[in-house]
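In what follows, a structure is listed as structure tokens, so that the remarks can point back to it.
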Amino acid sequence: MKSYKFRQVIKENVGVNNPVFVQILGICSTLAVTNVLKNTIVMCAGLVFVTGLSNLTVSILRKYMPGRIRMMVETLIIAAYVIIVDVALKAFIPDISRQLGPYVGLIITNCIIMGRAEAFALANPPGLSLVDGLSSGLGYSYVLLIIAFLRELLGSGSIWGLRVLGEWWVNWNIMIMAPGAFFMLALFIWVVKGSFMKERPGAAPAAKPAAAGGKS
Amino acid sequence: MTEGLFAFGVFFAAIFTNNILLTNYLGMCSFLAVSKELKTSAGLGMAVIFVMTCTSAINWLVYHYVLVPYDIVYLRFIAFIIVIAAFVQLVEMVIERLSDALYAALGIFLPLITVNCAILGASLFMVIREYTFVSGLAYGAGSGIGWAIAIIAMAGIRAKLNVRSKVPFGLTGAGITLVIAGIMALAFMGFAGMITIT
């Protein structure tokens with residue numbers, strides 16, 4: 001029974017209710033950090049860490065949090081974990097940390113994390129919440145990795161900084177610039193939605209969950 | 001370059017060449033969700049301009065007079081997000097008291113703004129690029145205006161799109177909005193080279 005629940009949660013977050021291409025959350029960083037595969041991996045690891053642990057913490061504290069200030073408490077919990085990630089990145093991989101710039105800090109306002117905390121962790125036990133956080137982080141990560149792979153391949157002819165396409169390849173500069181990111185994500189959503197979601201029309205362009213709760 | 005001129009350059013660059021939405025991808029969530037109607041987008045745009053200008057000024061002061069002297073720069077994320085949340089709450093209360101018309105126009109958008117990553121992003125960029133107070137203020141105002149221009153233009157385009165075009169099922173909603181945003185980003189790249197600011 002219990003493992004069934006866990007599997008259900010993972011399936012939801014990675015597939016049917018994927019945060020990026022179904023709920024359209026956390027798009028900022030999806031577009032911003034996907035020009036080079038290396039940065040994307042670091043960003044994804046940071047995000048998985050933060051979603052998992054902030055979901056766990058929110059869930060543990062859920063009975064002690066007054067309803068009116070819960071948004072603020074959640075934000076502070078998330079911010080604390082993001083600071084851990086930021087300090088760790090600065091210490092161990094300073095040059096990637098510099099390239100990511102403000103986007104590590106912007107994990108705080110990434111709607112996926114807030115959304116999971118609001119929608120899931122507030123109503124479920126810690127173990128399940130941790131799994132939910134980790135799996136929605138993974139659902140986000142694999143989409144980013146696919147996009148980053150394609151953008152780096154087409155934009156610089158390389159993967160992980162190694163040139164894989166020969167001299168004949170002319171780089172599509174547009175792919176590493178801003179418009180390329182928009183087109184790539186749109187294409188991705190088109191392919192996924194067009195081929196897998198025929199039977200569920202109007203599959204929830206969900207409004208930001210934080211929006212409703214914020215007005216307390 | 002003199003200080004005033006530099007600030008003007010930053011202001012201009014933030015609107016056109018380094019548009020916070022179209023080149024730094026910040027504030028995409030509300031951009032995709034709220035850009036369905038022209039009137040709502042205009043309201044949100046105005047609220048973002050106002051909040052972004054004020055919070056970048058406050059955050060500059062907090063960063064340079066509190067965080068740096070006490071050597072607690074690593075706490076900047078928490079400090080900034082608290083400043084933003086508190087400021088938004090305060091503005092909401094003041095507007096509610098002072099003017100019903102203004103509250104009806106902006107009030108409902110203010111809570112949305114606390115979680116808008118563009119606001120936090122503008123403050124973080126300002127700190128990373130080490131702007132002075134005046135250019136930081138100019139950057140905040142310029143980014144807000146740039147964001148508002150982008151969302152209003154998008155709402156106009158989407159209104160037209162609803163009337164007369166057949167979008168394939170897979171692209172409806174977010175997909176087509178992203179394609180339009182991409183084309184808009186291409187158009188804004190036309191401004192590149194007019195002014196460069198890092």
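The way I read the labels, and the way they are meant: chains A, B, ... in the order of the structure tokens, residue 1 as the first residue of every chain, and ligand 1 as the first ligand shown, with later ones counted on from there.
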Using only C-alpha atoms, which residues of chain A come within 6 Å of chain B, and what is the closest atom pair for each, with the distance in Å to one decimal? Give it as a tab-separated table, sorted by chain and residue number.
```
residue	atom	partner	partner_atom	distance
A:Cys28	CA	B:Tyr25	CA	5.1
A:Ala79	CA	B:Ile78	CA	5.9
A:Pro102	CA	B:Leu124	CA	5.8
A:Thr109	CA	B:Cys117	CA	5.3
A:Ala178	CA	B:Thr23	CA	5.3
A:Pro179	CA	B:Gly182	CA	4.4
A:Phe182	CA	B:Gly182	CA	4.9
A:Phe183	CA	B:Val179	CA	5.6
A:Ala186	CA	B:Gly175	CA	4.7
A:Trp190	CA	B:Gly170	CA	4.6
A:Lys193	CA	B:Gly170	CA	4.9
A:Gly194	CA	B:Gly170	CA	4.1
A:Ala211	CA	B:Leu112	CA	5.2
A:Gly214	CA	B:Pro111	CA	5.4
A:Lys215	CA	B:Pro111	CA	5.6
```
Writer output for current selection, N, CA and C atoms, as an mmCIF file, in the first residue's frame:
```cif
data_model
loop_
_atom_site.group_PDB
_atom_site.id
_atom_site.type_symbol
_atom_site.label_atom_id
_atom_site.label_comp_id
_atom_site.auth_asym_id
_atom_site.auth_seq_id
_atom_site.Cartn_x
_atom_site.Cartn_y
_atom_site.Cartn_z
ATOM 1 N N CYS A 28 11.971 30.149 -15.733
ATOM 2 C CA CYS A 28 13.091 31.102 -15.801
ATOM 3 C C CYS A 28 14.415 30.369 -15.910
ATOM 4 N N ALA A 79 14.935 29.593 1.463
ATOM 5 C CA ALA A 79 16.099 30.472 1.353
ATOM 6 C C ALA A 79 17.284 29.909 2.116
ATOM 7 N N PRO A 102 23.244 35.016 -10.719
ATOM 8 C CA PRO A 102 22.116 35.152 -9.810
ATOM 9 C C PRO A 102 21.146 33.977 -9.866
ATOM 10 N N THR A 109 12.858 31.775 -5.660
ATOM 11 C CA THR A 109 11.571 32.153 -6.241
ATOM 12 C C THR A 109 11.133 31.167 -7.314
ATOM 13 N N ALA A 178 19.344 34.121 -26.379
ATOM 14 C CA ALA A 178 18.022 34.076 -25.757
ATOM 15 C C ALA A 178 16.926 33.449 -26.625
ATOM 16 N N PRO A 179 16.756 33.860 -27.898
ATOM 17 C CA PRO A 179 15.619 33.321 -28.651
ATOM 18 C C PRO A 179 15.669 31.809 -28.794
ATOM 19 N N PHE A 182 13.913 30.010 -26.011
ATOM 20 C CA PHE A 182 12.450 30.046 -26.118
ATOM 21 C C PHE A 182 11.965 29.034 -27.156
ATOM 22 N N PHE A 183 12.625 29.031 -28.323
ATOM 23 C CA PHE A 183 12.163 28.125 -29.376
ATOM 24 C C PHE A 183 12.339 26.678 -28.965
ATOM 25 N N ALA A 186 9.689 25.682 -26.500
ATOM 26 C CA ALA A 186 8.394 25.595 -27.177
ATOM 27 C C ALA A 186 8.303 24.305 -27.982
ATOM 28 N N TRP A 190 5.781 21.245 -27.488
ATOM 29 C CA TRP A 190 4.945 20.858 -28.626
ATOM 30 C C TRP A 190 5.021 19.346 -28.844
ATOM 31 N N LYS A 193 3.427 17.463 -25.716
ATOM 32 C CA LYS A 193 1.990 17.651 -25.609
ATOM 33 C C LYS A 193 1.264 17.059 -26.811
ATOM 34 N N GLY A 194 1.866 17.259 -27.978
ATOM 35 C CA GLY A 194 1.239 16.761 -29.200
ATOM 36 C C GLY A 194 1.201 15.256 -29.258
ATOM 37 N N ALA A 211 0.149 32.182 -5.845
ATOM 38 C CA ALA A 211 -0.581 33.432 -6.010
ATOM 39 C C ALA A 211 -1.794 33.516 -5.085
ATOM 40 N N GLY A 214 -0.887 33.868 -1.336
ATOM 41 C CA GLY A 214 -0.108 35.025 -0.929
ATOM 42 C C GLY A 214 -0.921 36.137 -0.322
ATOM 43 N N LYS A 215 -2.197 36.161 -0.647
ATOM 44 C CA LYS A 215 -2.982 37.307 -0.209
ATOM 45 C C LYS A 215 -3.638 37.027 1.123
#
```
Item to complete: Per DSSP on the backbone, filter range 10-169 of chain A down to the residues in strand (DSSP E) and report them as a VMD selection string.
Response: chain A and resid 158 to 159 162 to 163
Produce a file of the selected residues containing C-alpha atoms, as a PDB file, in the first residue's frame.
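After the write, again.pdb holds the following:
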```pdb
ATOM      1  CA  SER A 158      30.026  20.169 -28.357  1.00  0.00           C
ATOM      2  CA  ILE A 159      28.841  18.095 -25.426  1.00  0.00           C
ATOM      3  CA  LEU A 162      34.157  18.497 -25.832  1.00  0.00           C
ATOM      4  CA  ARG A 163      33.740  19.108 -29.522  1.00  0.00           C
TER       5      ARG A 163
END
```
Worksheet item: Hey, can you check how far CA of Ser99 in chain B sits from CA of Ala47 in chain B?
Response: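 Separation between CA of Ser99 in chain B and CA of Ala47 in chain B: 14.9 Å.
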Practice prompt. Determine, counting only C-alpha atoms, which protein, DNA and RNA residues have an atom within 10 Å of an atom of range 62-64 of chain A; residues of the same chain fewer than 6 positions away are not included. Present the result as an MDAnalysis selection string.
Written response: chainID A and resid 56 70 74 117 121:126
Worksheet item: Do you know which residues are at most 9 Å from range 143-147 of chain A counting only C-alpha atoms, after dropping those on the same chain fewer than 4 positions away, and could you put them as number ranges by chain?
Response: A: 20-21, 29-31, 33-35, 37, 40-41, 44, 138-139, 151-152, 181, 184-185, 188
Item to complete: Could you please write out, as a ChimeraX atom specification, every residue of chain A that DSSP assigns to alpha helix (DSSP H)?
Response: /A:2-11,27-32,37-61,70-92,94-100,111-116,126-156,173-176,178-196,209-214
Worksheet entry | Shell of 12 Å around Trp169 in chain A, only C-alpha atoms, local chain residues under 5 positions omitted, as a ChimeraX atom specification | /A:153-158,163-164
Response to the item:
re CA of Val58 in chain A and CA of Lys5 in chain A: distance 19.6 Å
